[in-house]
file model-v6.cif (mmCIF, C-alpha atoms and all ligand atoms)
data_start
loop_
_atom_site.label_atom_id
_atom_site.label_comp_id
_atom_site.auth_asym_id
_atom_site.auth_seq_id
_atom_site.Cartn_x
_atom_site.Cartn_y
_atom_site.Cartn_z
CA MET A 1 -90.49 -38.60 -20.80
CA ALA A 2 -91.38 -41.89 -22.49
CA GLU A 3 -88.60 -43.80 -20.82
CA LEU A 4 -89.28 -42.34 -17.42
CA HIS A 5 -92.96 -43.12 -17.78
CA ASP A 6 -92.28 -46.72 -18.73
CA ALA A 7 -89.80 -49.21 -17.37
CA ASP A 8 -87.42 -46.71 -15.84
CA ARG A 9 -90.20 -44.90 -14.05
CA ARG A 10 -90.79 -47.95 -11.86
CA ASP A 11 -87.10 -48.08 -11.09
CA PHE A 12 -86.88 -44.36 -10.58
CA LEU A 13 -89.97 -44.10 -8.39
CA GLY A 14 -88.81 -47.03 -6.34
CA LEU A 15 -85.51 -45.41 -5.63
CA ALA A 16 -86.94 -41.97 -5.21
CA GLY A 17 -89.65 -43.18 -2.90
CA LYS A 18 -87.20 -45.01 -0.73
CA ALA A 19 -84.35 -42.61 -0.77
CA GLY A 20 -84.68 -39.68 -3.17
CA LEU A 21 -85.73 -36.62 -1.23
CA THR A 22 -84.66 -38.17 2.01
CA THR A 23 -81.22 -38.74 0.56
CA MET A 24 -80.60 -35.16 -0.38
CA PHE A 25 -81.48 -33.96 3.10
CA ALA A 26 -80.11 -36.86 5.07
CA GLN A 27 -76.73 -36.67 3.40
CA ALA A 28 -76.29 -33.23 4.86
CA VAL A 29 -76.24 -34.90 8.27
CA GLY A 30 -74.13 -37.82 7.10
CA VAL A 31 -76.73 -40.61 6.95
CA ASN A 32 -75.82 -43.42 4.56
CA LEU A 33 -79.00 -44.66 2.91
CA GLY A 34 -77.21 -47.45 1.08
CA LEU A 35 -77.85 -46.34 -2.49
CA VAL A 36 -74.30 -47.40 -3.26
CA ASP A 37 -72.67 -50.45 -1.78
CA VAL A 38 -69.83 -48.58 -0.16
CA ALA A 39 -68.20 -51.75 1.17
CA HIS A 40 -67.62 -52.90 -2.40
CA ALA A 41 -66.43 -49.62 -3.85
CA ALA A 42 -63.08 -49.68 -5.61
CA LYS A 43 -59.99 -48.20 -4.00
CA VAL A 44 -60.17 -44.49 -4.67
CA THR A 45 -57.71 -41.80 -3.67
CA PRO A 46 -59.87 -38.77 -2.79
CA PHE A 47 -59.61 -35.87 -5.20
CA ARG A 48 -61.66 -33.05 -6.67
CA PHE A 49 -62.71 -31.95 -10.16
CA ALA A 50 -64.66 -28.95 -11.40
CA ILE A 51 -67.22 -28.32 -14.14
CA ILE A 52 -67.75 -25.28 -16.35
CA ALA A 53 -70.68 -25.43 -18.78
CA ASP A 54 -72.12 -23.56 -21.75
CA PRO A 55 -70.04 -20.36 -22.02
CA HIS A 56 -71.69 -19.50 -25.43
CA LEU A 57 -68.98 -17.02 -26.37
CA TYR A 58 -69.78 -14.43 -29.05
CA SER A 59 -67.31 -12.79 -31.42
CA PRO A 60 -67.02 -9.21 -30.05
CA LYS A 61 -63.82 -8.83 -28.06
CA ASP A 62 -65.48 -7.43 -24.95
CA HIS A 63 -68.73 -9.40 -24.88
CA VAL A 64 -70.22 -9.79 -21.40
CA PHE A 65 -70.14 -13.62 -21.65
CA ASP A 66 -66.31 -13.42 -21.77
CA LYS A 67 -66.44 -11.84 -18.32
CA HIS A 68 -68.80 -14.56 -17.07
CA LEU A 69 -66.40 -17.28 -18.20
CA GLU A 70 -63.44 -15.42 -16.69
CA ASP A 71 -65.38 -15.23 -13.40
CA ALA A 72 -65.99 -18.99 -13.49
CA VAL A 73 -62.30 -19.60 -14.18
CA ALA A 74 -61.37 -17.37 -11.23
CA LYS A 75 -63.90 -19.17 -9.00
CA VAL A 76 -62.46 -22.58 -9.89
CA ASN A 77 -58.86 -21.37 -9.58
CA GLY A 78 -59.74 -19.98 -6.16
CA LEU A 79 -61.08 -23.24 -4.72
CA ALA A 80 -59.36 -24.09 -1.45
CA ASN A 81 -59.13 -27.72 -2.55
CA ALA A 82 -57.70 -27.49 -6.04
CA PRO A 83 -59.36 -29.65 -8.71
CA ASP A 84 -57.26 -32.18 -10.64
CA PHE A 85 -59.29 -31.47 -13.83
CA VAL A 86 -61.90 -29.07 -15.11
CA PHE A 87 -64.52 -30.57 -17.43
CA VAL A 88 -66.01 -28.22 -20.01
CA MET A 89 -69.49 -29.37 -20.95
CA GLY A 90 -69.87 -27.95 -24.47
CA ASP A 91 -71.35 -24.88 -26.18
CA VAL A 92 -68.08 -23.01 -25.63
CA SER A 93 -69.04 -20.91 -28.68
CA HIS A 94 -72.45 -19.58 -29.61
CA HIS A 95 -72.13 -19.69 -33.40
CA GLY A 96 -69.36 -22.27 -33.85
CA GLU A 97 -67.06 -19.59 -35.33
CA LEU A 98 -63.33 -20.22 -35.05
CA ASP A 99 -62.64 -16.93 -33.24
CA GLN A 100 -65.22 -17.87 -30.58
CA LEU A 101 -63.70 -21.31 -30.05
CA GLU A 102 -60.20 -19.83 -29.90
CA LYS A 103 -61.36 -17.22 -27.39
CA GLY A 104 -62.81 -20.03 -25.26
CA LYS A 105 -59.55 -21.93 -25.39
CA ARG A 106 -57.65 -18.78 -24.42
CA ILE A 107 -59.85 -17.97 -21.38
CA LEU A 108 -60.06 -21.60 -20.26
CA GLY A 109 -56.27 -21.75 -20.66
CA LYS A 110 -56.05 -19.57 -17.53
CA LEU A 111 -57.29 -22.50 -15.45
CA LYS A 112 -54.61 -23.97 -13.23
CA ALA A 113 -55.94 -27.49 -13.78
CA PRO A 114 -55.96 -29.29 -17.16
CA ILE A 115 -59.27 -29.30 -19.03
CA ARG A 116 -61.18 -32.08 -20.81
CA SER A 117 -64.05 -31.11 -23.09
CA ILE A 118 -67.03 -32.49 -24.92
CA PRO A 119 -68.83 -30.64 -27.73
CA GLY A 120 -72.23 -28.95 -27.70
CA GLU A 121 -74.51 -28.40 -30.68
CA HIS A 122 -73.52 -24.72 -30.94
CA ASP A 123 -69.86 -25.72 -31.36
CA TRP A 124 -70.43 -28.34 -34.00
CA TYR A 125 -72.70 -27.65 -36.94
CA LEU A 126 -71.02 -24.74 -38.71
CA ASP A 127 -68.03 -26.86 -39.74
CA MET A 128 -69.04 -30.31 -38.39
CA GLY A 129 -66.71 -30.08 -35.43
CA GLU A 130 -63.50 -29.18 -37.27
CA GLY A 131 -62.80 -25.98 -35.31
CA TRP A 132 -63.88 -27.51 -32.03
CA LYS A 133 -61.63 -30.57 -32.46
CA LYS A 134 -58.70 -28.35 -33.45
CA ASN A 135 -59.04 -26.45 -30.17
CA PHE A 136 -60.39 -29.04 -27.72
CA GLY A 137 -59.29 -32.46 -28.98
CA ASP A 138 -61.18 -35.73 -29.32
CA GLU A 139 -64.97 -35.64 -29.34
CA PHE A 140 -65.18 -38.76 -27.12
CA TRP A 141 -62.63 -40.19 -24.73
CA SER A 142 -61.98 -41.96 -21.45
CA PHE A 143 -59.23 -42.11 -18.87
CA ASP A 144 -58.59 -43.44 -15.39
CA HIS A 145 -57.67 -41.24 -12.47
CA LYS A 146 -57.06 -42.25 -8.86
CA GLY A 147 -59.43 -45.23 -9.09
CA VAL A 148 -62.24 -43.53 -11.06
CA HIS A 149 -63.02 -44.12 -14.75
CA PHE A 150 -63.96 -40.90 -16.61
CA ILE A 151 -65.85 -40.95 -19.92
CA GLY A 152 -66.81 -38.11 -22.27
CA LEU A 153 -69.19 -38.60 -25.24
CA ASN A 154 -70.36 -36.50 -28.15
CA SER A 155 -74.14 -36.57 -27.58
CA ILE A 156 -75.29 -33.98 -30.14
CA LEU A 157 -75.13 -35.99 -33.38
CA VAL A 158 -78.05 -36.22 -35.83
CA PRO A 159 -78.45 -37.91 -39.23
CA ASP A 160 -77.66 -35.70 -42.24
CA PHE A 161 -80.71 -33.53 -42.99
CA TRP A 162 -78.79 -30.75 -44.76
CA THR A 163 -77.17 -32.27 -47.86
CA LYS A 164 -80.41 -33.22 -49.64
CA ALA A 165 -81.97 -29.91 -48.62
CA GLY A 166 -78.96 -28.04 -50.04
CA LEU A 167 -78.35 -26.04 -46.86
CA THR A 168 -75.25 -23.88 -46.47
CA PRO A 169 -73.07 -24.47 -43.37
CA GLN A 170 -74.60 -21.33 -41.82
CA GLN A 171 -78.16 -22.52 -42.53
CA ARG A 172 -77.32 -25.92 -41.06
CA ARG A 173 -75.85 -24.27 -37.93
CA ASP A 174 -78.84 -21.95 -37.59
CA CYS A 175 -81.20 -24.95 -37.40
CA PHE A 176 -79.61 -25.66 -34.00
CA MET A 177 -79.80 -22.13 -32.60
CA PRO A 178 -83.36 -22.15 -31.16
CA LEU A 179 -83.99 -24.41 -28.21
CA ASN A 180 -87.23 -25.70 -29.72
CA SER A 181 -86.22 -26.07 -33.38
CA PRO A 182 -87.92 -29.16 -34.85
CA VAL A 183 -85.60 -29.31 -37.90
CA PRO A 184 -82.60 -31.33 -36.64
CA GLY A 185 -84.71 -33.86 -34.73
CA LEU A 186 -83.54 -35.70 -31.64
CA TRP A 187 -79.81 -35.95 -31.21
CA GLY A 188 -77.66 -38.55 -29.51
CA THR A 189 -74.35 -40.39 -29.66
CA ASP A 190 -73.90 -42.93 -32.47
CA ALA A 191 -73.17 -46.62 -33.12
CA ARG A 192 -69.46 -45.82 -33.39
CA GLN A 193 -69.38 -44.44 -29.81
CA ARG A 194 -71.59 -47.17 -28.37
CA GLU A 195 -69.29 -49.86 -29.78
CA TRP A 196 -66.26 -47.99 -28.44
CA LEU A 197 -67.93 -47.60 -25.02
CA LYS A 198 -68.74 -51.31 -24.78
CA LYS A 199 -65.06 -52.15 -25.36
CA ASP A 200 -63.88 -49.30 -23.13
CA VAL A 201 -65.71 -50.59 -20.05
CA ALA A 202 -65.58 -54.33 -20.82
CA LYS A 203 -62.63 -55.10 -18.57
CA LEU A 204 -63.39 -52.70 -15.73
CA PRO A 205 -64.44 -54.26 -12.42
CA THR A 206 -68.08 -53.53 -11.61
CA ASN A 207 -67.10 -51.66 -8.45
CA THR A 208 -65.17 -49.02 -10.46
CA PRO A 209 -66.81 -45.62 -9.91
CA ILE A 210 -67.81 -44.19 -13.31
CA VAL A 211 -68.14 -40.49 -14.10
CA ILE A 212 -69.63 -39.75 -17.53
CA PHE A 213 -70.07 -36.40 -19.29
CA THR A 214 -72.53 -35.68 -22.11
CA HIS A 215 -73.71 -32.29 -23.35
CA SER A 216 -77.38 -33.18 -22.92
CA PRO A 217 -78.91 -35.37 -20.19
CA LEU A 218 -78.75 -39.18 -20.35
CA TRP A 219 -82.51 -39.41 -19.79
CA ASP A 220 -85.66 -38.01 -21.42
CA TYR A 221 -85.93 -34.74 -19.50
CA TYR A 222 -87.71 -32.68 -22.21
CA PRO A 223 -87.01 -33.99 -25.74
CA ARG A 224 -88.82 -31.08 -27.41
CA TRP A 225 -85.85 -28.89 -26.37
CA ASN A 226 -83.39 -31.74 -26.94
CA PHE A 227 -83.04 -32.11 -23.19
CA GLN A 228 -82.27 -35.75 -23.97
CA VAL A 229 -79.87 -38.17 -25.68
CA SER A 230 -81.77 -40.35 -28.16
CA ASP A 231 -79.76 -43.47 -27.31
CA SER A 232 -79.49 -42.75 -23.57
CA LYS A 233 -81.19 -46.04 -22.75
CA GLU A 234 -78.51 -47.98 -24.64
CA ILE A 235 -75.74 -45.97 -22.95
CA ARG A 236 -77.29 -46.65 -19.53
CA GLN A 237 -77.56 -50.33 -20.44
CA ILE A 238 -73.85 -50.52 -21.33
CA LEU A 239 -73.05 -48.97 -17.94
CA SER A 240 -75.64 -50.97 -16.00
CA LYS A 241 -73.10 -53.42 -14.52
CA PHE A 242 -71.41 -50.72 -12.45
CA SER A 243 -72.45 -50.02 -8.88
CA ASN A 244 -72.17 -46.22 -9.15
CA VAL A 245 -72.40 -44.09 -12.30
CA MET A 246 -72.33 -40.31 -11.92
CA ALA A 247 -73.52 -38.52 -15.06
CA PHE A 248 -73.05 -34.78 -15.58
CA HIS A 249 -74.49 -32.69 -18.39
CA GLY A 250 -74.74 -29.10 -19.59
CA HIS A 251 -77.16 -27.83 -22.27
CA VAL A 252 -80.14 -27.21 -19.93
CA HIS A 253 -78.37 -24.27 -18.23
CA HIS A 254 -79.78 -25.06 -14.79
CA THR A 255 -79.48 -27.58 -12.00
CA VAL A 256 -81.60 -30.71 -12.32
CA TYR A 257 -81.29 -34.08 -10.64
CA ASN A 258 -82.51 -37.54 -11.52
CA LYS A 259 -81.63 -41.08 -10.57
CA ILE A 260 -82.35 -44.02 -12.87
CA GLY A 261 -81.09 -47.35 -11.61
CA ASN A 262 -77.37 -47.07 -10.90
CA LEU A 263 -77.03 -43.73 -12.72
CA THR A 264 -77.29 -40.39 -10.94
CA SER A 265 -77.73 -37.53 -13.39
CA LEU A 266 -76.96 -33.91 -12.60
CA GLY A 267 -77.42 -30.85 -14.77
CA THR A 268 -75.01 -27.98 -14.24
CA MET A 269 -75.48 -24.23 -14.41
CA SER A 270 -74.12 -22.33 -17.40
CA THR A 271 -71.88 -19.28 -17.37
CA SER A 272 -73.99 -17.56 -20.07
CA TRP A 273 -77.71 -17.48 -19.18
CA PRO A 274 -80.19 -19.72 -17.34
CA TRP A 275 -82.74 -21.55 -19.53
CA PRO A 276 -86.22 -21.78 -18.02
CA TYR A 277 -87.35 -25.09 -16.60
CA PRO A 278 -89.53 -26.99 -19.08
CA PRO A 279 -93.28 -27.11 -18.37
CA ILE A 280 -93.24 -30.54 -16.75
CA LYS A 281 -93.23 -31.93 -13.27
CA LEU A 282 -89.60 -32.45 -12.33
CA PRO A 283 -88.54 -35.89 -11.12
CA HIS A 284 -88.91 -36.18 -7.41
CA PRO A 285 -87.09 -34.83 -5.37
CA GLU A 286 -85.91 -32.06 -7.69
CA TYR A 287 -87.32 -28.58 -7.47
CA GLN A 288 -86.73 -25.55 -9.62
CA GLN A 289 -83.63 -23.60 -8.84
CA PHE A 290 -84.71 -20.41 -7.14
CA ARG A 291 -83.84 -17.24 -9.00
CA ALA A 292 -84.01 -14.52 -6.43
CA ASP A 293 -83.53 -11.39 -8.46
CA PRO A 294 -84.24 -11.17 -12.21
CA SER A 295 -82.40 -7.83 -12.31
CA VAL A 296 -79.15 -9.59 -11.41
CA THR A 297 -77.93 -10.71 -14.82
CA THR A 298 -75.83 -13.59 -13.50
CA ASP A 299 -78.51 -14.97 -11.18
CA GLY A 300 -78.87 -18.73 -11.67
CA MET A 301 -75.45 -19.14 -13.26
CA GLY A 302 -72.08 -20.45 -12.12
CA ALA A 303 -69.88 -23.55 -12.07
CA ALA A 304 -69.60 -26.70 -9.96
CA SER A 305 -67.00 -28.51 -7.90
CA ILE A 306 -67.15 -32.24 -7.18
CA GLY A 307 -65.15 -34.08 -4.56
CA ILE A 308 -64.70 -37.83 -4.95
CA GLY A 309 -64.30 -39.57 -1.62
CA ALA A 310 -62.47 -42.76 -0.69
CA ASP A 311 -65.82 -44.59 -1.00
CA GLY A 312 -65.97 -43.62 -4.70
CA ARG A 313 -68.99 -41.38 -4.23
CA GLY A 314 -69.21 -37.77 -5.32
CA MET A 315 -69.91 -34.74 -3.17
CA VAL A 316 -71.38 -32.08 -5.43
CA GLN A 317 -71.04 -28.44 -4.57
CA TYR A 318 -72.49 -25.75 -6.83
CA LEU A 319 -70.55 -22.51 -7.26
CA PRO A 320 -73.21 -19.91 -8.18
CA PHE A 321 -72.22 -16.42 -9.26
CA GLU A 322 -74.92 -15.12 -6.91
CA ASP A 323 -76.07 -16.70 -3.68
CA SER A 324 -79.41 -17.78 -5.10
CA LEU A 325 -79.11 -21.50 -4.45
CA PRO A 326 -80.24 -23.13 -1.23
CA GLN A 327 -77.39 -23.42 1.22
CA ARG A 328 -77.42 -27.21 1.19
CA LEU A 329 -76.67 -27.28 -2.54
CA THR A 330 -73.72 -24.93 -2.21
CA ASP A 331 -72.59 -26.87 0.84
CA GLY A 332 -72.77 -30.03 -1.24
CA PHE A 333 -74.73 -33.26 -1.48
CA LYS A 334 -73.58 -36.77 -2.05
CA ILE A 335 -74.22 -38.84 -5.19
FE FE B 401 -75.95 -24.23 -24.10
FE FE B 402 -76.57 -27.01 -26.02
#
call {"tool": "encode", "arguments": {"input": "model-v6.cif", "output": "structure tokens"}}
result
Amino acid sequence: MAELHDADRRDFLGLAGKAGLTTMFAQAVGVNLGLVDVAHAAKVTPFRFAIIADPHLYSPKDHVFDKHLEDAVAKVNGLANAPDFVFVMGDVSHHGELDQLEKGKRILGKLKAPIRSIPGEHDWYLDMGEGWKKNFGDEFWSFDHKGVHFIGLNSILVPDFWTKAGLTPQQRRDCFMPLNSPVPGLWGTDARQREWLKKDVAKLPTNTPIVIFTHSPLWDYYPRWNFQVSDSKEIRQILSKFSNVMAFHGHVHHTVYNKIGNLTSLGTMSTSWPWPYPPIKLPHPEYQQFRADPSVTTDGMGAASIGIGADGRGMVQYLPFEDSLPQRLTDGFKI
């Protein structure tokens, strides 16, 4: 929380105080609070995309998480307004095994829309991303679509701690399995991606709506569980010239909202299990997602659908497996 408690906190509190909680409610009744200068938004052709996060597939052929992912695929395929893309937020596999990654590709292949993916730590550290890249492509990328610039980054990279320690690939991978493992340290993107990102956005007009995907959040949510990206401040700085940046992440396996300057950050539900909220006060106006029934194994899980309007702003709609989210979140709120 260092960043939030320092310079960004002033920014964040200013915005939140003026518009945060009010925004989330007021948007439901169509009030424009002016967080984004709509008049100067780029020309955008309205469209929709979907998000599926953290399937954590295991090796057995009939594992229950396969069914969860299939349900998410069916939910997305069944959307009345079809998405142009589905973004997969990482941790497709639980152990990084090739059969798990291939199973993920096979199930996600049933989506009607094309997918774009970014890696999670569970996908990466058994073979340093070889199997993931073989199945899901480049670890970082960008493209333009209907007036919006999309960016995906690999945010789970750490300096080499395994070679000197003589760890096997399995031992290296296992250091990333617990949420609170201190061994790998804080992860982030790297200099290579930051340099690429600077060039990637250099020529874009500042009114271009930006949508960026990272496995973990682009702010210090709870670093002890790697609910962070170590160089998030630099990434936000590179994107600071844009009027509206929408950032989506997985990894935390629950919904969480924050706004820092021009960047709105949203965590998405997983299809595997919900992580608990960390023992901190959530940024205003977020509140903990309500889990109505612990005996329902898919409570607190699902996917998300995002509509981009002609004003370049996103309307986020969560697609929970169970109806445990407040109606206004499943109805959608604007970012
Ligand atoms: Fe995960
Ligand atoms: Fe993760």
call {"tool": "residues_near_ligand", "arguments": {"input": "model-v6.cif", "ligand": "ligand FE 401 (chain B)", "cutoff": "9 Å", "atoms": "all atoms listed in the file", "output": "count of residues only"}}
result
22
call {"tool": "atom_distance", "arguments": {"input": "model-v6.cif", "atom1": "CA of Gly96 in chain A", "atom2": "CA of Asn135 in chain A"}}
result
11.7 Å
call {"tool": "closest_residue", "arguments": {"input": "model-v6.cif", "among": "A:Asp84, A:Asp62, A:Asp123, A:Glu102", "to": "ligand FE 402 (chain B)", "atoms": "only C-alpha atoms and all ligand atoms"}}
result
A:Asp123
call {"tool": "closest_residue", "arguments": {"input": "model-v6.cif", "among": "A:Gln327, A:Thr214, A:Gln317, A:Asn258", "to": "ligand FE 402 (chain B)", "atoms": "only C-alpha atoms and all ligand atoms"}}
result
A:Thr214
call {"tool": "closest_residue", "arguments": {"input": "model-v6.cif", "among": "A:Val229, A:Met128, A:Val64, A:Ala191", "to": "ligand FE 402 (chain B)", "atoms": "all atoms listed in the file"}}
result
A:Val229
call {"tool": "residues_around", "arguments": {"input": "model-v6.cif", "residues": "range 43-45 of chain A", "least_positions_apart": "3", "cutoff": "7 Å", "atoms": "only C-alpha atoms", "output": "ChimeraX atom specification"}}
result
/A:146-148,310-312
call {"tool": "residues_around", "arguments": {"input": "model-v6.cif", "residues": "Leu197 in chain A", "least_positions_apart": "4", "cutoff": "9 Å", "atoms": "only C-alpha atoms", "output": "PyMOL selection string"}}
result
chain A and resi 142+151+192-193+201-202+235+238-239
call {"tool": "atom_distance", "arguments": {"input": "model-v6.cif", "atom1": "CA of Pro326 in chain A", "atom2": "CA of Gly267 in chain A"}}
result
15.8 Å
call {"tool": "closest_residue", "arguments": {"input": "model-v6.cif", "among": "A:Ala42, A:Ala74, A:Ile156, A:Leu111", "to": "ligand FE 402 (chain B)", "atoms": "all atoms listed in the file"}}
result
A:Ile156
call {"tool": "closest_residue", "arguments": {"input": "model-v6.cif", "among": "A:Phe321, A:Phe136, A:Tyr58, A:Trp187", "to": "ligand FE 402 (chain B)", "atoms": "only C-alpha atoms and all ligand atoms"}}
result
A:Trp187
call {"tool": "axis_aligned_box", "arguments": {"input": "model-v6.cif", "around": "range 190-200 of chain A", "padding_each_side": "6 Å", "output": "AutoDock Vina command-line options"}}
result
--center_x -68.9 --center_y -47.5 --center_z -28.3 --size_x 22.0 --size_y 21.2 --size_z 22.3
call {"tool": "residues_around", "arguments": {"input": "model-v6.cif", "residues": "Leu204 in chain A", "least_positions_apart": "4", "cutoff": "12 Å", "atoms": "only C-alpha atoms", "output": "short mmCIF file (atom, residue, chain, number, x, y, z; two decimals) with C-alpha atoms, in the coordinates of the input"}}
result
data_model
loop_
_atom_site.label_atom_id
_atom_site.label_comp_id
_atom_site.auth_asym_id
_atom_site.auth_seq_id
_atom_site.Cartn_x
_atom_site.Cartn_y
_atom_site.Cartn_z
CA ALA A 42 -63.08 -49.68 -5.61
CA PHE A 143 -59.23 -42.11 -18.87
CA ASP A 144 -58.59 -43.44 -15.39
CA GLY A 147 -59.43 -45.23 -9.09
CA VAL A 148 -62.24 -43.53 -11.06
CA HIS A 149 -63.02 -44.12 -14.75
CA PHE A 150 -63.96 -40.90 -16.61
CA LEU A 197 -67.93 -47.60 -25.02
CA LYS A 198 -68.74 -51.31 -24.78
CA LYS A 199 -65.06 -52.15 -25.36
CA ASP A 200 -63.88 -49.30 -23.13
CA THR A 208 -65.17 -49.02 -10.46
CA PRO A 209 -66.81 -45.62 -9.91
CA ILE A 210 -67.81 -44.19 -13.31
CA LEU A 239 -73.05 -48.97 -17.94
CA LYS A 241 -73.10 -53.42 -14.52
CA PHE A 242 -71.41 -50.72 -12.45
CA SER A 243 -72.45 -50.02 -8.88
#
call {"tool": "closest_residue", "arguments": {"input": "model-v6.cif", "among": "A:Gln171, A:Trp196, A:Phe65, A:Asn226", "to": "ligand FE 402 (chain B)", "atoms": "only C-alpha atoms and all ligand atoms"}}
result
A:Asn226
call {"tool": "residues_near_point", "arguments": {"input": "model-v6.cif", "point": "(-54.7, -16.6, -15.7)", "cutoff": "10 Å", "atoms": "all atoms listed in the file", "output": "JSON, numbers by chain"}}
result
{"A": [70, 73, 74, 77, 106, 107, 108, 109, 110, 111, 112]}
call {"tool": "atom_distance", "arguments": {"input": "model-v6.cif", "atom1": "CA of Arg224 in chain A", "atom2": "CA of Gly152 in chain A"}}
result
23.7 Å
call {"tool": "residues_around", "arguments": {"input": "model-v6.cif", "residues": "Phe85 in chain A", "least_positions_apart": "6", "cutoff": "8 Å", "atoms": "only C-alpha atoms", "output": "ChimeraX atom specification"}}
result
/A:48-50,113-116
